[in-house]
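**Q** Have a look at this one.
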Amino acid sequence: MADVQTIRGPVDSGTLGWTLSHEHLTAGGPGMQSFPWIYDEDDAVKANLEALGRARAAGIDSLIDLTPFDLGRQISLFQKVADADSGVNIVCATGVYRWVPMYLRGRPVDQVAEHFIREIQDGIQGTSIRAGIIKVAWDQEYRLADGPEGFTVRSGLEHAARAAARAAKATGVPVSCHTLAADELGTPLLDIFEDEGLDLRAVTIGHSNDSADESYLQRIAARGAMLGLDRYFGRAREQELARRASLALMLAQAGFAEQVTLGHDASPYYCFAPPQAGASLADCWLAVPEFEVPWLRTHGATDDQVDAMCRRSVPSTFEAAARMAGR
């Protein structure tokens, strides 16, 4: 067992229960809170408490919020949701999103790691809320490799990944990665993490169910990392939901159930676009419990396989990270 830092304080990894592995209370971008026509915190709190209540009623015990500062993390939102005590454990993240800021790219890797470590050990923005996981994001930007050596977009992403690995080793918290699965970016990420001496059992290669390449998924799992099958939008057509669920079933039947994590990559209060009149995202965290898990059971997944994917895989990343740091 390991201590897992939530926005309400530490809990034992054995008590996390059914955990959604990749979600967002809100997301948009840095500075969005400065514009009330983009981000209204009262609305964000209300939307989150309603969504968390529905998720809890569906059996969800915990969720991992993977919103670093440059994706629009709002520490005051975490504080208000923590005070309301929804009954759902929420782990928040340090790290960086897809566009590594110049003021981090221009610093040595160890200084970037120290930034992550401070948010894990000391708290975020002068509060008592501490990050419990590190986020890294590699997407289309990884293709941008032209430019002066050490100053390309790709080199900035690699810089951040090395910093995340060093911070994880120092603090004993896991790393979760947004990846562009079509480009198989889990592979070069794991190469960097291995080079840094990171235990790959403490790493989740996220958004892997955006790929239909079963051999790629099995190669990632064979290296010991977690596969985040964590893009599962309730608004998708049933055929697509079934396709993504079939990947989880395939991996479970191939012996990798303990390395599969399930989530939505969803938020009840996104700020990427204006909200649609009368629309509600309160059900954003229900597609996994209400469609995917029943589909898995109907199509042959055993109770133990489902339990591994829903309840054991995410806690095991925290336990692997803690062991790595001697905790």
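Here, A, B, ... name the chains of the structure tokens in the order displayed, residue numbers run from 1 inside each chain, and ligands are numbered from 1 in the same displayed order.
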Give the strand (DSSP E) residues of region 56-234 of chain A, as DSSP finds them on the backbone, and put them as a list of chain:residue names.
**A**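 The strand (DSSP E) subset of region 56-234 of chain A is A:Ser62, A:Leu63, A:Ile64, A:Asp65, A:Asn89, A:Ile90, A:Val91, A:Ala93, A:Thr94, A:Gly95, A:Ile133, A:Ile134, A:Lys135, A:Val136, A:Ala137, A:Trp138, A:Val175, A:Ser176, A:Cys177, A:His178, A:Thr179, A:Val203, A:Thr204, A:Ile205, A:Met226, A:Leu227, A:Gly228, A:Leu229.
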**Q** Could those selected residues go to a file with N, CA, C and O atoms, as a CSV table (one decimal), in the first residue's frame?
**A**
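Okay, result36.csv is ready:
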chain,number,residue,atom,x,y,z
A,62,SER,N,-13.1,7.3,-6.9
A,62,SER,CA,-12.0,8.2,-7.0
A,62,SER,C,-11.8,8.6,-8.5
A,62,SER,O,-12.3,7.8,-9.4
A,63,LEU,N,-11.2,9.7,-8.7
A,63,LEU,CA,-10.8,10.1,-10.1
A,63,LEU,C,-9.5,10.8,-10.0
A,63,LEU,O,-9.2,11.5,-9.0
A,64,ILE,N,-8.8,10.7,-11.1
A,64,ILE,CA,-7.5,11.4,-11.3
A,64,ILE,C,-7.7,12.6,-12.2
A,64,ILE,O,-8.1,12.4,-13.3
A,65,ASP,N,-7.5,13.8,-11.7
A,65,ASP,CA,-7.6,15.0,-12.4
A,65,ASP,C,-6.3,15.3,-13.0
A,65,ASP,O,-5.3,15.6,-12.3
A,89,ASN,N,-12.8,10.7,-4.0
A,89,ASN,CA,-11.4,11.1,-3.9
A,89,ASN,C,-11.0,11.7,-5.2
A,89,ASN,O,-11.2,11.1,-6.3
A,90,ILE,N,-10.3,12.8,-5.1
A,90,ILE,CA,-9.8,13.5,-6.3
A,90,ILE,C,-8.3,13.8,-6.1
A,90,ILE,O,-7.8,14.4,-5.2
A,91,VAL,N,-7.5,13.2,-7.1
A,91,VAL,CA,-6.0,13.4,-7.1
A,91,VAL,C,-5.8,14.5,-8.2
A,91,VAL,O,-6.2,14.3,-9.3
A,93,ALA,N,-2.9,17.1,-10.4
A,93,ALA,CA,-1.6,16.9,-11.0
A,93,ALA,C,-0.7,18.1,-11.1
A,93,ALA,O,-1.2,19.3,-11.2
A,94,THR,N,0.6,17.9,-11.0
A,94,THR,CA,1.5,18.9,-11.5
A,94,THR,C,2.0,18.4,-12.9
A,94,THR,O,1.4,17.5,-13.4
A,95,GLY,N,3.0,19.0,-13.5
A,95,GLY,CA,3.4,18.7,-14.8
A,95,GLY,C,3.1,19.7,-15.8
A,95,GLY,O,2.9,20.9,-15.5
A,133,ILE,N,0.2,13.4,-8.6
A,133,ILE,CA,0.6,12.7,-9.8
A,133,ILE,C,1.2,13.7,-10.8
A,133,ILE,O,1.0,14.9,-10.6
A,134,ILE,N,2.0,13.3,-11.7
A,134,ILE,CA,2.7,14.1,-12.7
A,134,ILE,C,2.1,13.9,-14.1
A,134,ILE,O,2.0,12.8,-14.5
A,135,LYS,N,1.8,15.0,-14.8
A,135,LYS,CA,1.2,14.9,-16.1
A,135,LYS,C,2.3,15.3,-17.2
A,135,LYS,O,3.0,16.3,-17.0
A,136,VAL,N,2.3,14.5,-18.2
A,136,VAL,CA,3.2,14.8,-19.4
A,136,VAL,C,2.2,14.6,-20.6
A,136,VAL,O,1.4,13.8,-20.6
A,137,ALA,N,2.4,15.5,-21.6
A,137,ALA,CA,1.5,15.4,-22.8
A,137,ALA,C,2.3,15.5,-24.1
A,137,ALA,O,2.9,16.6,-24.4
A,138,TRP,N,2.3,14.4,-24.9
A,138,TRP,CA,2.9,14.4,-26.2
A,138,TRP,C,1.9,14.2,-27.3
A,138,TRP,O,1.2,13.2,-27.3
A,175,VAL,N,3.5,8.8,-13.0
A,175,VAL,CA,3.4,9.7,-14.1
A,175,VAL,C,2.3,9.2,-15.1
A,175,VAL,O,2.2,8.0,-15.4
A,176,SER,N,1.5,10.1,-15.5
A,176,SER,CA,0.4,9.8,-16.5
A,176,SER,C,0.6,10.7,-17.7
A,176,SER,O,0.8,11.9,-17.6
A,177,CYS,N,0.5,10.0,-18.9
A,177,CYS,CA,0.8,10.7,-20.1
A,177,CYS,C,-0.3,10.8,-21.1
A,177,CYS,O,-0.9,9.8,-21.4
A,178,HIS,N,-0.6,12.0,-21.5
A,178,HIS,CA,-1.5,12.2,-22.7
A,178,HIS,C,-0.6,11.9,-23.9
A,178,HIS,O,0.5,12.4,-24.0
A,179,THR,N,-1.1,11.0,-24.8
A,179,THR,CA,-0.3,10.7,-26.0
A,179,THR,C,-1.1,10.6,-27.2
A,179,THR,O,-2.3,10.4,-27.2
A,203,VAL,N,4.0,4.2,-14.7
A,203,VAL,CA,3.7,5.1,-15.9
A,203,VAL,C,2.5,4.6,-16.5
A,203,VAL,O,2.3,3.4,-16.8
A,204,THR,N,1.6,5.6,-16.9
A,204,THR,CA,0.4,5.3,-17.7
A,204,THR,C,0.5,6.0,-19.0
A,204,THR,O,0.7,7.2,-19.1
A,205,ILE,N,0.4,5.2,-20.1
A,205,ILE,CA,0.4,5.7,-21.4
A,205,ILE,C,-1.0,6.0,-21.8
A,205,ILE,O,-1.8,5.0,-22.2
A,226,MET,N,1.4,0.9,-17.8
A,226,MET,CA,-0.1,0.9,-17.8
A,226,MET,C,-0.6,1.4,-19.1
A,226,MET,O,0.0,2.4,-19.7
A,227,LEU,N,-1.7,0.9,-19.6
A,227,LEU,CA,-2.4,1.4,-20.8
A,227,LEU,C,-3.6,2.2,-20.4
A,227,LEU,O,-4.5,1.6,-19.9
A,228,GLY,N,-3.6,3.5,-20.6
A,228,GLY,CA,-4.7,4.3,-20.3
A,228,GLY,C,-5.8,4.2,-21.4
A,228,GLY,O,-5.6,4.8,-22.4
A,229,LEU,N,-6.8,3.4,-21.2
A,229,LEU,CA,-7.9,3.4,-22.2
A,229,LEU,C,-8.9,4.4,-21.7
A,229,LEU,O,-10.0,4.1,-21.2
**Q** Quick one: everything within 7 Å of Lys169 (chain A), counting only C-alpha atoms, minus sequence neighbours fewer than 6 positions away in the same chain. Send it as an mmCIF file with N, CA, C and O atoms, in the first residue's frame.
**A**
data_model
loop_
_atom_site.group_PDB
_atom_site.id
_atom_site.type_symbol
_atom_site.label_atom_id
_atom_site.label_comp_id
_atom_site.auth_asym_id
_atom_site.auth_seq_id
_atom_site.Cartn_x
_atom_site.Cartn_y
_atom_site.Cartn_z
ATOM 1 N N LEU A 198 13.269 5.149 -14.523
ATOM 2 C CA LEU A 198 11.927 5.143 -13.943
ATOM 3 C C LEU A 198 11.325 3.745 -14.047
ATOM 4 O O LEU A 198 11.436 3.083 -15.090
ATOM 5 N N MET A 324 9.574 2.580 -5.689
ATOM 6 C CA MET A 324 10.731 3.106 -6.409
ATOM 7 C C MET A 324 11.467 4.150 -5.562
ATOM 8 O O MET A 324 12.699 4.243 -5.599
ATOM 9 N N ALA A 325 10.711 4.937 -4.796
ATOM 10 C CA ALA A 325 11.295 5.998 -3.973
ATOM 11 C C ALA A 325 11.615 5.525 -2.555
ATOM 12 O O ALA A 325 12.008 6.334 -1.706
#
**Q** Excluding Asp265 (chain A) and any residue of its chain fewer than 5 positions from it, enumerate the residues within 7 Å of it, using only C-alpha atoms, and give them as a PyMOL selection string.
**A** chain A and resi 22-24+230-232
**Q** Give me a file of those residues, with N, CA and C atoms, as a PDB file, in the first residue's frame.
**A**
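Below is the file that was written, part_8.pdb:
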ATOM      1  N   HIS A  22      -8.336   9.295 -15.885  1.00  0.00           N
ATOM      2  CA  HIS A  22      -7.922  10.507 -16.611  1.00  0.00           C
ATOM      3  C   HIS A  22      -9.137  11.397 -16.828  1.00  0.00           C
ATOM      4  N   GLU A  23      -9.302  12.391 -15.959  1.00  0.00           N
ATOM      5  CA  GLU A  23     -10.449  13.290 -16.034  1.00  0.00           C
ATOM      6  C   GLU A  23      -9.996  14.726 -15.755  1.00  0.00           C
ATOM      7  N   HIS A  24     -10.949  15.648 -15.858  1.00  0.00           N
ATOM      8  CA  HIS A  24     -10.677  17.072 -15.627  1.00  0.00           C
ATOM      9  C   HIS A  24     -11.882  17.712 -14.945  1.00  0.00           C
ATOM     10  N   ASP A 230      -8.540   5.657 -21.808  1.00  0.00           N
ATOM     11  CA  ASP A 230      -9.183   6.726 -21.060  1.00  0.00           C
ATOM     12  C   ASP A 230      -9.733   7.829 -21.945  1.00  0.00           C
ATOM     13  N   ARG A 231     -10.064   7.475 -23.179  1.00  0.00           N
ATOM     14  CA  ARG A 231     -10.868   8.359 -24.020  1.00  0.00           C
ATOM     15  C   ARG A 231     -12.169   7.618 -24.264  1.00  0.00           C
ATOM     16  N   TYR A 232     -13.217   8.039 -23.577  1.00  0.00           N
ATOM     17  CA  TYR A 232     -14.476   7.291 -23.646  1.00  0.00           C
ATOM     18  C   TYR A 232     -15.627   8.265 -23.449  1.00  0.00           C
TER      19      TYR A 232
END
**Q** Listing only residues of region 223-247 of chain A within 8 Å of region 284-306 of chain A, what is the closest atom pair and its distance in Å (to one decimal) for each, using only C-alpha atoms, sorted by chain and residue number ascending, as JSON lines?
**A**
{"residue": "A:Tyr232", "atom": "CA", "partner": "A:Ala287", "partner_atom": "CA", "distance": 6.8}
{"residue": "A:Phe233", "atom": "CA", "partner": "A:Ala287", "partner_atom": "CA", "distance": 6.8}
{"residue": "A:Gly234", "atom": "CA", "partner": "A:Ala287", "partner_atom": "CA", "distance": 5.0}
{"residue": "A:Leu241", "atom": "CA", "partner": "A:Glu292", "partner_atom": "CA", "distance": 7.2}
{"residue": "A:Ala242", "atom": "CA", "partner": "A:Trp295", "partner_atom": "CA", "distance": 7.4}
{"residue": "A:Ala245", "atom": "CA", "partner": "A:Glu292", "partner_atom": "CA", "distance": 5.7}
{"residue": "A:Ser246", "atom": "CA", "partner": "A:Leu296", "partner_atom": "CA", "distance": 7.6}
**Q** Need the shell around Ser267 (chain A): protein/DNA/RNA residues with any atom at most 6 Å away, counting only C-alpha atoms. Skip same-chain ones fewer than 3 positions apart. Format as a ChimeraX atom specification?
**A** /A:24-26,270
**Q** Which one of A:His264, A:Ala252, A:Phe272, A:Gln140 sits closest to Tyr39 (chain A) if you count only C-alpha atoms?
**A** A:Phe272
**Q** Using only C-alpha atoms, which of A:Glu158, A:Glu258, A:Asp122, A:Asp110 sits nearest Asp191 (chain A)?
**A**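 Closest to Asp191 (chain A) of all the choices is A:Glu158.
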**Q** Using only C-alpha atoms, determine which residues lie at most 10 Å from Phe151 (chain A), disregarding the query and same-chain residues fewer than 6 positions distant; provide the list as number ranges by chain.
**A** A: 102, 105-106, 145
**Q** In Å, with one decimal, what is the gap from CA of Arg73 (chain A) to CA of Ala165 (chain A)?
**A**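 It comes out at 21.2 Å.
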**Q** As a PyMOL selection string, please: every residue in region 37-265 of chain A that a backbone DSSP assignment puts in helix (DSSP H, G or I).
**A** chain A and resi 41-57+69-71+75-84+102-105+109-121+140-143+153-171+181-183+186-195+200-202+208-210+214-222+238-259
**Q** Could you check which of A:Leu20, A:Leu190, A:Ala58, A:Val88 is closest to Val260 (chain A), using only C-alpha atoms?
**A**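 Checking each candidate against Val260 (chain A), we get A:Leu20 as the closest.
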**Q** Name all residues at most 9 Å from Gly197 (chain A) (count only C-alpha atoms; drop same-chain ones fewer than 2 positions away) and give them as a short mmCIF file (atom, residue, chain, number, x, y, z; two decimals) with C-alpha atoms, in the first residue's frame.
**A**
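Wrote it out as result.cif, contents follow:
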data_model
loop_
_atom_site.label_atom_id
_atom_site.label_comp_id
_atom_site.auth_asym_id
_atom_site.auth_seq_id
_atom_site.Cartn_x
_atom_site.Cartn_y
_atom_site.Cartn_z
CA ALA A 165 10.79 11.06 -14.47
CA ARG A 166 13.26 12.65 -12.07
CA LYS A 169 11.77 9.07 -8.63
CA ILE A 192 13.12 8.26 -22.12
CA PHE A 193 11.62 7.00 -18.86
CA GLU A 194 13.74 3.83 -19.04
CA ASP A 195 16.82 5.92 -19.74
CA ASP A 199 9.95 2.03 -13.01
CA LEU A 200 7.57 1.72 -15.95
#
**Q** Could you list, as a list of chain:residue names, every residue within 7 Å of Glu319 (chain A), counting only C-alpha atoms and ignoring same-chain residues fewer than 3 positions away?
**A**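 The filter keeps A:Met1, A:Ala2, A:Pro315, A:Ser316, A:Ala322, A:Arg323.
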**Q** So how many Å separate CA of Gly263 (chain A) and CA of Leu247 (chain A), to one decimal?
**A** 13.5 Å
